[in-house]
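Source file: coords_29.cif (mmCIF, C-alpha atoms (C1' of nucleotides))
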```cif
data_target
#
loop_
_atom_site.label_atom_id
_atom_site.label_comp_id
_atom_site.auth_asym_id
_atom_site.auth_seq_id
_atom_site.Cartn_x
_atom_site.Cartn_y
_atom_site.Cartn_z
CA MET A 5 24.62 17.54 28.06
CA VAL A 6 21.07 16.51 27.42
CA SER A 7 18.30 18.61 28.89
CA LYS A 8 14.82 17.43 29.71
CA PRO A 9 12.02 17.36 27.20
CA THR A 10 9.49 20.17 27.49
CA PRO A 11 5.83 19.35 28.14
CA ALA A 12 5.06 20.11 24.49
CA VAL A 13 7.68 17.61 23.40
CA ILE A 14 6.38 14.95 25.75
CA GLU A 15 2.87 15.56 24.54
CA ALA A 16 3.95 15.26 20.92
CA TRP A 17 5.93 12.09 21.65
CA GLU A 18 3.07 10.36 23.40
CA ARG A 19 0.64 11.22 20.67
CA LEU A 20 3.06 10.11 18.01
CA VAL A 21 3.65 6.74 19.58
CA ARG A 22 0.03 6.03 20.29
CA THR A 23 -1.36 7.30 17.03
CA GLU A 24 1.14 5.53 14.87
CA LYS A 25 0.49 2.22 16.57
CA THR A 26 -3.23 2.66 16.09
CA LEU A 27 -2.79 3.47 12.42
CA LEU A 28 -0.53 0.49 11.81
CA ASP A 29 -3.01 -1.79 13.53
CA LYS A 30 -5.81 -0.52 11.34
CA VAL A 31 -3.81 -0.93 8.18
CA GLU A 32 -2.73 -4.43 9.16
CA GLU A 33 -6.33 -5.28 9.77
CA HIS A 34 -7.32 -4.21 6.28
CA LEU A 35 -4.66 -6.45 4.80
CA LYS A 36 -5.67 -9.35 6.98
CA ARG A 37 -9.32 -8.98 6.12
CA ALA A 38 -8.40 -9.06 2.45
CA GLY A 39 -6.53 -12.30 3.06
CA PHE A 40 -3.07 -10.84 2.60
CA PRO A 41 0.12 -11.36 4.58
CA PRO A 42 1.43 -8.76 7.02
CA LEU A 43 2.61 -5.31 6.08
CA GLU A 44 6.27 -6.21 6.46
CA TRP A 45 5.95 -8.65 3.62
CA TYR A 46 4.73 -5.86 1.46
CA HIS A 47 7.52 -3.56 2.52
CA VAL A 48 10.19 -6.11 1.67
CA LEU A 49 8.61 -7.05 -1.63
CA HIS A 50 8.35 -3.37 -2.39
CA GLU A 51 12.02 -2.78 -1.77
CA VAL A 52 13.03 -5.67 -3.95
CA ASP A 53 10.59 -4.83 -6.69
CA ALA A 54 11.34 -1.12 -6.71
CA SER A 55 15.07 -1.50 -7.07
CA THR A 56 16.99 -1.92 -10.26
CA LYS A 57 15.95 -5.01 -12.15
CA GLY A 58 14.09 -6.37 -9.16
CA MET A 59 17.11 -7.32 -7.11
CA VAL A 60 18.73 -5.99 -3.96
CA ARG A 61 21.19 -7.04 -1.40
CA GLN A 62 19.58 -8.21 1.79
CA THR A 63 21.43 -5.60 3.78
CA GLU A 64 19.87 -2.93 1.62
CA VAL A 65 16.45 -4.16 2.62
CA GLN A 66 17.53 -3.98 6.22
CA ASP A 67 18.51 -0.36 5.96
CA ARG A 68 15.40 0.68 4.16
CA THR A 69 12.87 -1.20 6.23
CA LYS A 70 14.63 -0.70 9.56
CA LEU A 71 14.07 -4.33 10.36
CA ALA A 72 16.66 -6.15 12.43
CA GLN A 73 19.16 -8.23 10.54
CA TYR A 74 17.85 -11.56 11.80
CA ASN A 75 14.30 -10.53 11.11
CA VAL A 76 15.05 -9.74 7.51
CA CYS A 77 16.86 -13.03 7.27
CA ARG A 78 13.91 -14.99 8.52
CA LEU A 79 11.32 -12.96 6.71
CA VAL A 80 13.20 -13.65 3.51
CA ASP A 81 13.18 -17.33 4.48
CA ARG A 82 9.41 -17.18 4.52
CA LEU A 83 9.15 -15.22 1.31
CA GLU A 84 11.47 -17.69 -0.34
CA ARG A 85 9.46 -20.62 0.96
CA GLU A 86 6.38 -19.07 -0.61
CA GLY A 87 8.22 -18.59 -3.89
CA LEU A 88 7.95 -14.82 -3.78
CA VAL A 89 11.66 -14.04 -3.92
CA GLU A 90 14.85 -15.91 -4.67
CA ARG A 91 18.05 -15.66 -2.72
CA HIS A 92 21.29 -15.79 -4.66
CA GLN A 93 24.83 -15.33 -3.56
CA CYS A 94 26.30 -12.11 -4.87
CA GLN A 95 28.93 -12.57 -7.57
CA VAL A 96 30.80 -9.42 -6.65
CA ASP A 97 30.86 -9.79 -2.88
CA GLY A 98 30.40 -13.30 -1.61
CA ARG A 99 29.08 -12.12 1.72
CA ASN A 100 25.98 -10.54 0.25
CA ASN A 101 22.75 -12.14 -0.73
CA VAL A 102 21.05 -10.77 -3.75
CA LEU A 103 17.29 -10.96 -3.60
CA VAL A 104 15.35 -11.37 -6.78
CA ILE A 105 11.62 -10.98 -6.91
CA THR A 106 9.68 -13.65 -8.77
CA ALA A 107 6.65 -13.18 -10.97
CA LYS A 108 4.57 -14.50 -8.13
CA GLY A 109 6.13 -12.03 -5.75
CA ARG A 110 5.50 -9.16 -8.09
CA ALA A 111 1.93 -10.25 -8.55
CA LEU A 112 1.35 -10.39 -4.82
CA ARG A 113 2.81 -6.97 -4.33
CA ARG A 114 0.60 -5.56 -7.07
CA ALA A 115 -2.44 -7.20 -5.58
CA MET A 116 -1.68 -5.89 -2.12
CA TRP A 117 -1.11 -2.31 -3.10
CA PRO A 118 -4.72 -1.27 -3.76
CA VAL A 119 -5.74 -2.60 -0.38
CA TYR A 120 -2.80 -0.99 1.36
CA ALA A 121 -3.34 2.27 -0.47
CA ALA A 122 -7.01 2.35 0.40
CA ALA A 123 -6.17 1.79 4.04
CA ILE A 124 -3.59 4.59 3.99
CA GLU A 125 -6.09 6.89 2.40
CA GLU A 126 -8.94 6.01 4.72
CA HIS A 127 -7.10 6.30 8.01
CA PHE A 128 -4.38 8.73 7.14
CA GLY A 129 -4.72 10.65 3.89
CA ALA A 130 -8.36 11.50 4.31
CA ARG A 131 -7.64 13.28 7.57
CA LEU A 132 -4.87 15.47 6.24
CA SER A 133 -4.79 18.35 3.83
CA GLN A 134 -2.07 18.43 1.23
CA ALA A 135 -0.27 20.99 3.37
CA ASP A 136 -0.64 18.78 6.44
CA ALA A 137 0.92 15.87 4.63
CA GLU A 138 3.85 17.95 3.52
CA GLN A 139 4.26 19.36 6.99
CA LEU A 140 4.29 15.91 8.50
CA ALA A 141 6.80 14.67 5.97
CA GLY A 142 8.96 17.66 6.81
CA LEU A 143 8.81 16.96 10.52
CA MET A 144 9.70 13.32 9.97
CA ALA A 145 12.65 14.39 7.86
CA LYS A 146 13.88 16.52 10.72
CA LEU A 147 13.60 13.56 13.05
CA ALA A 148 15.28 11.12 10.72
CA GLY A 149 18.71 12.72 10.60
CA THR A 150 21.74 10.68 11.69
CA MET B 21 -15.97 5.75 -1.85
CA VAL B 22 -12.34 5.88 -0.95
CA SER B 23 -9.98 7.60 -3.33
CA LYS B 24 -6.32 6.91 -3.72
CA PRO B 25 -3.70 8.59 -1.60
CA THR B 26 -1.78 11.40 -3.25
CA PRO B 27 1.98 11.14 -3.64
CA ALA B 28 2.43 13.63 -0.80
CA VAL B 29 0.30 11.43 1.45
CA ILE B 30 2.25 8.32 0.51
CA GLU B 31 5.50 10.11 1.13
CA ALA B 32 4.33 11.29 4.54
CA TRP B 33 3.08 7.82 5.42
CA GLU B 34 6.32 6.10 4.52
CA ARG B 35 8.38 8.57 6.44
CA LEU B 36 6.11 8.34 9.44
CA VAL B 37 6.30 4.58 9.61
CA ARG B 38 10.02 4.39 9.11
CA THR B 39 10.96 7.27 11.36
CA GLU B 40 8.77 6.20 14.20
CA LYS B 41 10.17 2.71 14.16
CA THR B 42 13.69 4.07 14.22
CA LEU B 43 12.91 6.35 17.12
CA LEU B 44 11.29 3.60 19.13
CA ASP B 45 14.28 1.35 18.54
CA LYS B 46 16.63 4.03 19.76
CA VAL B 47 14.59 4.71 22.87
CA GLU B 48 14.32 1.02 23.64
CA GLU B 49 18.04 0.74 23.30
CA HIS B 50 18.58 3.46 25.88
CA LEU B 51 16.38 1.64 28.35
CA LYS B 52 18.09 -1.64 27.68
CA ARG B 53 21.53 -0.18 28.11
CA ALA B 54 20.44 1.24 31.45
CA GLY B 55 19.33 -2.24 32.49
CA PHE B 56 15.62 -1.48 32.38
CA PRO B 57 12.73 -3.49 31.02
CA PRO B 58 11.03 -2.62 27.73
CA LEU B 59 9.12 0.55 27.04
CA GLU B 60 5.75 -1.17 27.29
CA TRP B 61 6.41 -1.93 30.91
CA TYR B 62 6.89 1.73 31.52
CA HIS B 63 3.75 2.65 29.66
CA VAL B 64 1.63 0.27 31.67
CA LEU B 65 3.19 1.28 34.97
CA HIS B 66 2.63 4.87 33.96
CA GLU B 67 -1.04 4.33 33.31
CA VAL B 68 -1.56 2.61 36.61
CA ASP B 69 0.49 5.09 38.56
CA ALA B 70 -1.01 8.15 36.92
CA SER B 71 -4.60 7.19 37.58
CA THR B 72 -6.57 7.86 40.69
CA LYS B 73 -5.04 6.25 43.75
CA GLY B 74 -2.77 4.11 41.61
CA MET B 75 -5.41 1.73 40.35
CA VAL B 76 -7.09 1.13 37.03
CA ARG B 77 -9.13 -1.46 35.31
CA GLN B 78 -7.14 -3.59 32.94
CA THR B 79 -9.35 -2.60 30.07
CA GLU B 80 -8.50 1.01 30.71
CA VAL B 81 -4.85 0.21 30.26
CA GLN B 82 -5.72 -1.48 27.01
CA ASP B 83 -7.44 1.57 25.65
CA ARG B 84 -4.73 3.93 26.64
CA THR B 85 -1.73 1.90 25.53
CA LYS B 86 -3.38 0.46 22.42
CA LEU B 87 -2.04 -2.94 23.34
CA ALA B 88 -4.06 -6.00 22.43
CA GLN B 89 -6.10 -7.48 25.21
CA TYR B 90 -4.10 -10.68 25.49
CA ASN B 91 -0.90 -8.70 25.48
CA VAL B 92 -2.02 -6.56 28.37
CA CYS B 93 -3.11 -9.69 30.15
CA ARG B 94 0.27 -11.32 29.79
CA LEU B 95 2.26 -8.20 30.37
CA VAL B 96 0.38 -7.74 33.62
CA ASP B 97 1.23 -11.36 34.41
CA ARG B 98 4.89 -10.44 34.16
CA LEU B 99 4.53 -7.23 36.13
CA GLU B 100 2.68 -9.12 38.81
CA ARG B 101 5.33 -11.81 38.89
CA GLU B 102 7.93 -9.11 39.47
CA GLY B 103 5.85 -7.59 42.24
CA LEU B 104 5.31 -4.32 40.38
CA VAL B 105 1.52 -4.37 40.32
CA GLU B 106 -1.25 -6.34 41.99
CA ARG B 107 -4.31 -7.67 40.29
CA HIS B 108 -7.57 -7.60 42.19
CA GLN B 109 -11.06 -8.45 41.13
CA CYS B 110 -13.27 -5.41 40.93
CA GLN B 111 -15.88 -5.14 43.66
CA VAL B 112 -18.34 -3.26 41.52
CA ASP B 113 -18.11 -5.31 38.33
CA GLY B 114 -16.78 -8.81 38.77
CA ARG B 115 -15.59 -8.99 35.19
CA ASN B 116 -13.00 -6.29 35.63
CA ASN B 117 -9.55 -6.54 37.05
CA VAL B 118 -8.34 -3.64 39.08
CA LEU B 119 -4.61 -3.06 38.87
CA VAL B 120 -2.81 -1.55 41.82
CA ILE B 121 0.74 -0.35 41.58
CA THR B 122 3.10 -1.41 44.37
CA ALA B 123 5.83 0.64 45.98
CA LYS B 124 8.31 -1.36 43.96
CA GLY B 125 6.40 -0.64 40.78
CA ARG B 126 6.28 3.04 41.53
CA ALA B 127 9.98 3.06 42.28
CA LEU B 128 10.79 1.37 39.00
CA ARG B 129 8.68 3.80 37.04
CA ARG B 130 10.40 6.72 38.76
CA ALA B 131 13.81 5.26 38.03
CA MET B 132 12.99 4.66 34.39
CA TRP B 133 11.64 8.09 33.66
CA PRO B 134 14.90 10.04 33.60
CA VAL B 135 16.37 7.56 31.15
CA TYR B 136 13.26 7.54 29.01
CA ALA B 137 13.02 11.32 29.13
CA ALA B 138 16.64 11.75 28.13
CA ALA B 139 16.13 9.44 25.18
CA ILE B 140 13.04 11.33 24.07
CA GLU B 141 14.92 14.57 24.31
CA GLU B 142 17.99 13.33 22.51
CA HIS B 143 16.32 11.71 19.55
CA PHE B 144 13.12 13.65 19.35
CA GLY B 145 12.89 16.86 21.33
CA ALA B 146 16.29 18.16 20.39
CA ARG B 147 15.40 18.05 16.71
CA LEU B 148 12.17 19.97 17.03
CA SER B 149 11.38 23.56 17.88
CA GLN B 150 8.57 24.27 20.28
CA ALA B 151 6.40 25.14 17.30
CA ASP B 152 7.37 21.89 15.55
CA ALA B 153 6.36 19.87 18.57
CA GLU B 154 3.01 21.59 18.75
CA GLN B 155 2.49 21.14 15.06
CA LEU B 156 3.25 17.46 15.29
CA ALA B 157 0.92 17.02 18.23
CA GLY B 158 -1.76 18.78 16.23
CA LEU B 159 -1.29 16.52 13.25
CA MET B 160 -1.44 13.43 15.44
CA ALA B 161 -4.65 14.72 16.97
CA LYS B 162 -6.15 15.01 13.51
CA LEU B 163 -5.14 11.44 12.80
CA ALA B 164 -6.40 10.04 16.07
CA GLY B 165 -10.09 10.78 15.59
CA THR B 166 -12.52 7.84 15.74
"C1'" DA C 16 -37.22 -14.90 35.78
"C1'" DG C 17 -34.53 -17.25 32.06
"C1'" DA C 18 -32.23 -17.38 27.64
"C1'" DA C 19 -29.22 -14.95 24.68
"C1'" DT C 20 -25.75 -11.51 24.13
"C1'" DT C 21 -22.04 -8.74 25.47
"C1'" DT C 22 -18.00 -7.54 28.09
"C1'" DG C 23 -13.68 -8.47 30.36
"C1'" DC C 24 -10.27 -11.56 31.09
"C1'" DT C 25 -7.47 -15.92 30.32
"C1'" DT C 26 -4.93 -19.62 27.80
"C1'" DG C 27 -3.11 -23.51 24.44
"C1'" DC C 28 -0.76 -23.55 20.43
"C1'" DA C 29 1.77 -21.98 16.60
"C1'" DA C 30 4.30 -18.28 14.65
"C1'" DC C 31 7.50 -14.61 15.32
"C1'" DT C 32 11.20 -11.89 17.66
"C1'" DG C 33 15.45 -10.89 20.37
"C1'" DC C 34 19.80 -12.34 21.95
"C1'" DA C 35 23.95 -14.34 21.60
"C1'" DT C 36 26.83 -16.71 18.81
"C1'" DG C 37 28.72 -18.98 14.69
"C1'" DT C 38 30.28 -19.06 9.76
"C1'" DT C 39 32.03 -17.30 5.69
"C1'" DT C 40 33.83 -13.71 2.89
"C1'" DT C 41 36.09 -9.28 2.43
"C1'" DC C 42 38.88 -5.40 4.09
"C1'" DT C 43 42.87 -3.35 6.75
"C1'" DA C 44 47.25 -2.84 8.46
"C1'" DT C 45 51.66 -4.47 8.89
"C1'" DA D 6 51.43 -12.24 2.25
"C1'" DT D 7 49.16 -12.69 6.45
"C1'" DA D 8 47.02 -11.92 10.89
"C1'" DG D 9 43.32 -9.37 12.73
"C1'" DA D 10 39.12 -6.88 12.25
"C1'" DA D 11 34.87 -6.09 10.08
"C1'" DA D 12 30.74 -7.04 7.27
"C1'" DA D 13 26.92 -9.96 5.85
"C1'" DC D 14 24.23 -13.63 6.73
"C1'" DA D 15 22.41 -17.72 9.49
"C1'" DT D 16 20.66 -20.16 13.67
"C1'" DG D 17 19.57 -22.41 18.55
"C1'" DC D 18 17.12 -21.09 22.32
"C1'" DA D 19 14.15 -18.59 25.19
"C1'" DG D 20 10.75 -15.18 25.47
"C1'" DT D 21 6.77 -12.73 23.23
"C1'" DT D 22 2.90 -12.20 20.23
"C1'" DG D 23 -1.31 -13.48 17.50
"C1'" DC D 24 -5.15 -16.43 16.84
"C1'" DA D 25 -8.85 -18.83 18.28
"C1'" DA D 26 -11.29 -20.59 21.69
"C1'" DG D 27 -12.76 -20.61 26.36
"C1'" DC D 28 -14.84 -19.10 30.90
"C1'" DA D 29 -17.37 -16.17 33.99
"C1'" DA D 30 -19.79 -11.97 35.33
"C1'" DA D 31 -23.02 -8.51 33.76
"C1'" DT D 32 -26.55 -6.75 30.56
"C1'" DT D 33 -30.43 -7.14 27.41
"C1'" DC D 34 -34.52 -9.12 25.61
"C1'" DT D 35 -38.71 -11.80 25.82
#
```
Would you write the structure of this file as structure tokens?
Amino acid sequence: MVSKPTPAVIEAWERLVRTEKTLLDKVEEHLKRAGFPPLEWYHVLHEVDASTKGMVRQTEVQDRTKLAQYNVCRLVDRLEREGLVERHQCQVDGRNNVLVITAKGRALRRAMWPVYAAAIEEHFGARLSQADAEQLAGLMAKLAGT
Amino acid sequence: MVSKPTPAVIEAWERLVRTEKTLLDKVEEHLKRAGFPPLEWYHVLHEVDASTKGMVRQTEVQDRTKLAQYNVCRLVDRLEREGLVERHQCQVDGRNNVLVITAKGRALRRAMWPVYAAAIEEHFGARLSQADAEQLAGLMAKLAGT
DNA sequence: AGAATTTGCTTGCAACTGCATGTTTTCTAT
DNA sequence: ATAGAAAACATGCAGTTGCAAGCAAATTCT
């Protein structure tokens, strides 16, 4: 049986939802002002770039970015069209796509990071102590289970 | 000058973004399964219903939901089309719209709440202690400034 | 007062998302 | 070995969002 949320929980939820949206908007705005594509592009490029030898299965990206399957599919379409990643069929399991980041893709990711990082720091990091950051990470970990 | 985010800050940021998205998806899914409209509808109805005499200026809704202006405009279009709110021109300042919730709108909001609340509790509240919830609210407050 | 600016809201168009479904490849159970 | 189920990806269509531009009421400045 599921009981009702306490007022403190509701309060925390509302703040979480509102604050996170505001932060994302601000970060997106930084990227846009710098002439870069949306945050999701970065996240996908990051996943591909960060994984072994710059290749991942598409489904892996899905899991890690929490994007819907069809959104990853179409986002990869766009990335591919821009020459930022390549899509190959997996040799081992023919159902999978293997994504490979290109030099251009890696360059874009590298160029975006300083802007992204500065935005994170300005709107997020600068307002938190080290302990705060760890606390927040801990709370998110609690929320992320199953 | 803006310095770079520390690893702890980056970690917290990534977890925040990913976890929040996951939670929102889960909550949305609950509403959908119960045959209700999206969360944003609830949020807007909530703002209108919760304010004095069930009316607010549209711009107020914008501020409180953090939705873009054109999104509020079009979301209100849909709510109006469904007979959930009414849009009137403000007597005092002709630029403003005043939103008035209808009986139907109020009823929908009331019907949605138990489902929404249960989802919040299941995926969020149940994983946090009272102290956790307060801590999280506190952290969000720090992040929400200016 | 009259022009210029600001504020609040709307809208055409293009891009993106969600839903439902389809296709192909692999896995499972008999 | 084979039928049935599942996993991974793609896609047509309708609905939603973002951008840029627009309009109208109020405020500010000269």
Report task. Please provide as number ranges by chain all residues within 10 Å of Thr26 in chain A, with the sequence filter that same-chain residues fewer than 5 positions apart are discarded (counting all atoms listed in the file). Result -> A: 20-21, 31-32, 127; B: 85-87, 163-164
Report task. Could you list the residues chosen by the PyMOL selection byres ((chain A) within 9 of (chain C)) in this structure as a VMD selection string? Result -> chain A and resid 74 to 75 97 to 100
Writer output for current selection, C-alpha atoms, as a compact mmCIF listing (two decimals), keeping the file's coordinate frame:
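Everything below was put into selection.txt:
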```
# COMPACT_ATOMS: atom_id res chain seq x y z
CA TYR A 74 17.85 -11.56 11.80
CA ASN A 75 14.30 -10.53 11.11
CA ASP A 97 30.86 -9.79 -2.88
CA GLY A 98 30.40 -13.30 -1.61
CA ARG A 99 29.08 -12.12 1.72
CA ASN A 100 25.98 -10.54 0.25
```
Query raised in the report: In terms of the shortest atom-to-atom distance over all atoms listed in the file, which of B:Ala151, B:Val92, B:Ala138, B:Ala70 is closest to DT21 in chain D?
Result: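 Nearest candidate to DT21 in chain D out of B:Ala151, B:Val92, B:Ala138, B:Ala70: B:Val92.
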Query - Selection under test: the PyMOL selection byres ((chain A and resi 118) around 12); residues as JSON, numbers by chain - result: {"A": [31, 34, 35, 38, 40, 46, 112, 113, 114, 115, 116, 117, 119, 120, 121, 122, 123, 124, 125, 126], "B": [22, 23, 24, 25]}
Convert the current residue selection to file output with C-alpha atoms, as a PDB file, in the coordinates of the input.
```pdb
ATOM      1  CA  VAL A  31      -3.810  -0.930   8.180  1.00  0.00           C
ATOM      2  CA  HIS A  34      -7.320  -4.210   6.280  1.00  0.00           C
ATOM      3  CA  LEU A  35      -4.660  -6.450   4.800  1.00  0.00           C
ATOM      4  CA  ALA A  38      -8.400  -9.060   2.450  1.00  0.00           C
ATOM      5  CA  PHE A  40      -3.070 -10.840   2.600  1.00  0.00           C
ATOM      6  CA  TYR A  46       4.730  -5.860   1.460  1.00  0.00           C
ATOM      7  CA  LEU A 112       1.350 -10.390  -4.820  1.00  0.00           C
ATOM      8  CA  ARG A 113       2.810  -6.970  -4.330  1.00  0.00           C
ATOM      9  CA  ARG A 114       0.600  -5.560  -7.070  1.00  0.00           C
ATOM     10  CA  ALA A 115      -2.440  -7.200  -5.580  1.00  0.00           C
ATOM     11  CA  MET A 116      -1.680  -5.890  -2.120  1.00  0.00           C
ATOM     12  CA  TRP A 117      -1.110  -2.310  -3.100  1.00  0.00           C
ATOM     13  CA  VAL A 119      -5.740  -2.600  -0.380  1.00  0.00           C
ATOM     14  CA  TYR A 120      -2.800  -0.990   1.360  1.00  0.00           C
ATOM     15  CA  ALA A 121      -3.340   2.270  -0.470  1.00  0.00           C
ATOM     16  CA  ALA A 122      -7.010   2.350   0.400  1.00  0.00           C
ATOM     17  CA  ALA A 123      -6.170   1.790   4.040  1.00  0.00           C
ATOM     18  CA  ILE A 124      -3.590   4.590   3.990  1.00  0.00           C
ATOM     19  CA  GLU A 125      -6.090   6.890   2.400  1.00  0.00           C
ATOM     20  CA  GLU A 126      -8.940   6.010   4.720  1.00  0.00           C
TER      21      GLU A 126
ATOM     22  CA  VAL B  22     -12.340   5.880  -0.950  1.00  0.00           C
ATOM     23  CA  SER B  23      -9.980   7.600  -3.330  1.00  0.00           C
ATOM     24  CA  LYS B  24      -6.320   6.910  -3.720  1.00  0.00           C
ATOM     25  CA  PRO B  25      -3.700   8.590  -1.600  1.00  0.00           C
TER      26      PRO B  25
END
```
Report task. Name the residues captured by the PyMOL selection byres ((chain D) within 10 of (chain B)) when it is applied to the shown file; answer as number ranges by chain. Result -> D: 21-23, 29-31
Query raised in the report: Nearest to chain A among B:Gln150, B:Asn117, B:Gln89, B:Ser71, with distances taken over only C-alpha atoms: which residue is it?
Result: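 For chain A, the nearest of the candidates is B:Gln150.
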Report task. Tell me, in Å to one decimal, how far CA of Gly125 in chain B is from CA of Glu102 in chain B. Result ->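 Atom-to-atom, CA of Gly125 in chain B to CA of Glu102 in chain B, that is 8.7 Å.
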Query - Given all atoms listed in the file as the counted atoms, nearest of B:Glu154, B:Glu49, B:Glu60, B:Asp97 to chain A - result: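 Of B:Glu154, B:Glu49, B:Glu60, B:Asp97, the one nearest chain A is B:Glu154, counting all atoms listed in the file.
For the set A:Thr106, A:Thr56, A:Gln66, A:Thr10, the residue with the smallest atom-to-atom gap to chain B is A:Thr10, counting all atoms listed in the file.
In this structure, CA of Gln78 in chain B sits 7.8 Å away from CA of Cys93 in chain B.
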Requested in this report: Return the single residue from A:Arg91, A:His47, A:Lys30, A:Arg131 that is closest to chain B, with distances computed using only C-alpha atoms.
Outcome: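 Among A:Arg91, A:His47, A:Lys30, A:Arg131, it is A:Arg131 that comes nearest to chain B.
Atom pair CA of Lys25 in chain A / CA of Ala137 in chain A: separated by 18.1 Å.
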Query raised in the report: With all atoms listed in the file as the atoms that count, which of B:Lys162, B:Arg77, B:Arg98, B:His66 lies nearest to chain A?
Result: B:Lys162
Student task, range 38-54 of chain B output with N, CA and C atoms as a compact mmCIF listing (two decimals), in the first residue's frame:
```
# COMPACT_ATOMS: atom_id res chain seq x y z
N ARG B 38 19.90 13.40 -14.51
CA ARG B 38 19.41 12.09 -14.91
C ARG B 38 18.28 11.60 -14.01
N THR B 39 18.47 11.77 -12.73
CA THR B 39 17.47 11.27 -11.78
C THR B 39 16.15 12.01 -11.92
N GLU B 40 16.25 13.30 -12.08
CA GLU B 40 15.02 14.08 -12.16
C GLU B 40 14.23 13.71 -13.41
N LYS B 41 14.94 13.51 -14.49
CA LYS B 41 14.25 13.11 -15.72
C LYS B 41 13.54 11.77 -15.53
N THR B 42 14.24 10.86 -14.92
CA THR B 42 13.66 9.54 -14.67
C THR B 42 12.41 9.64 -13.80
N LEU B 43 12.50 10.44 -12.75
CA LEU B 43 11.35 10.59 -11.86
C LEU B 43 10.16 11.21 -12.59
N LEU B 44 10.43 12.24 -13.35
CA LEU B 44 9.34 12.88 -14.09
C LEU B 44 8.69 11.89 -15.04
N ASP B 45 9.50 11.12 -15.73
CA ASP B 45 8.95 10.12 -16.65
C ASP B 45 8.04 9.15 -15.91
N LYS B 46 8.48 8.71 -14.76
CA LYS B 46 7.68 7.75 -14.01
C LYS B 46 6.36 8.36 -13.56
N VAL B 47 6.43 9.59 -13.09
CA VAL B 47 5.21 10.25 -12.64
C VAL B 47 4.25 10.46 -13.81
N GLU B 48 4.80 10.92 -14.92
CA GLU B 48 3.97 11.10 -16.11
C GLU B 48 3.28 9.80 -16.50
N GLU B 49 4.01 8.74 -16.37
CA GLU B 49 3.47 7.45 -16.75
C GLU B 49 2.27 7.07 -15.86
N HIS B 50 2.39 7.36 -14.58
CA HIS B 50 1.27 7.10 -13.68
C HIS B 50 0.02 7.85 -14.14
N LEU B 51 0.21 9.13 -14.45
CA LEU B 51 -0.93 9.93 -14.87
C LEU B 51 -1.53 9.38 -16.15
N LYS B 52 -0.67 9.03 -17.06
CA LYS B 52 -1.13 8.52 -18.35
C LYS B 52 -1.92 7.23 -18.16
N ARG B 53 -1.37 6.36 -17.37
CA ARG B 53 -2.05 5.08 -17.13
C ARG B 53 -3.42 5.29 -16.51
N ALA B 54 -3.54 6.35 -15.71
CA ALA B 54 -4.83 6.63 -15.08
C ALA B 54 -5.76 7.41 -16.01
```
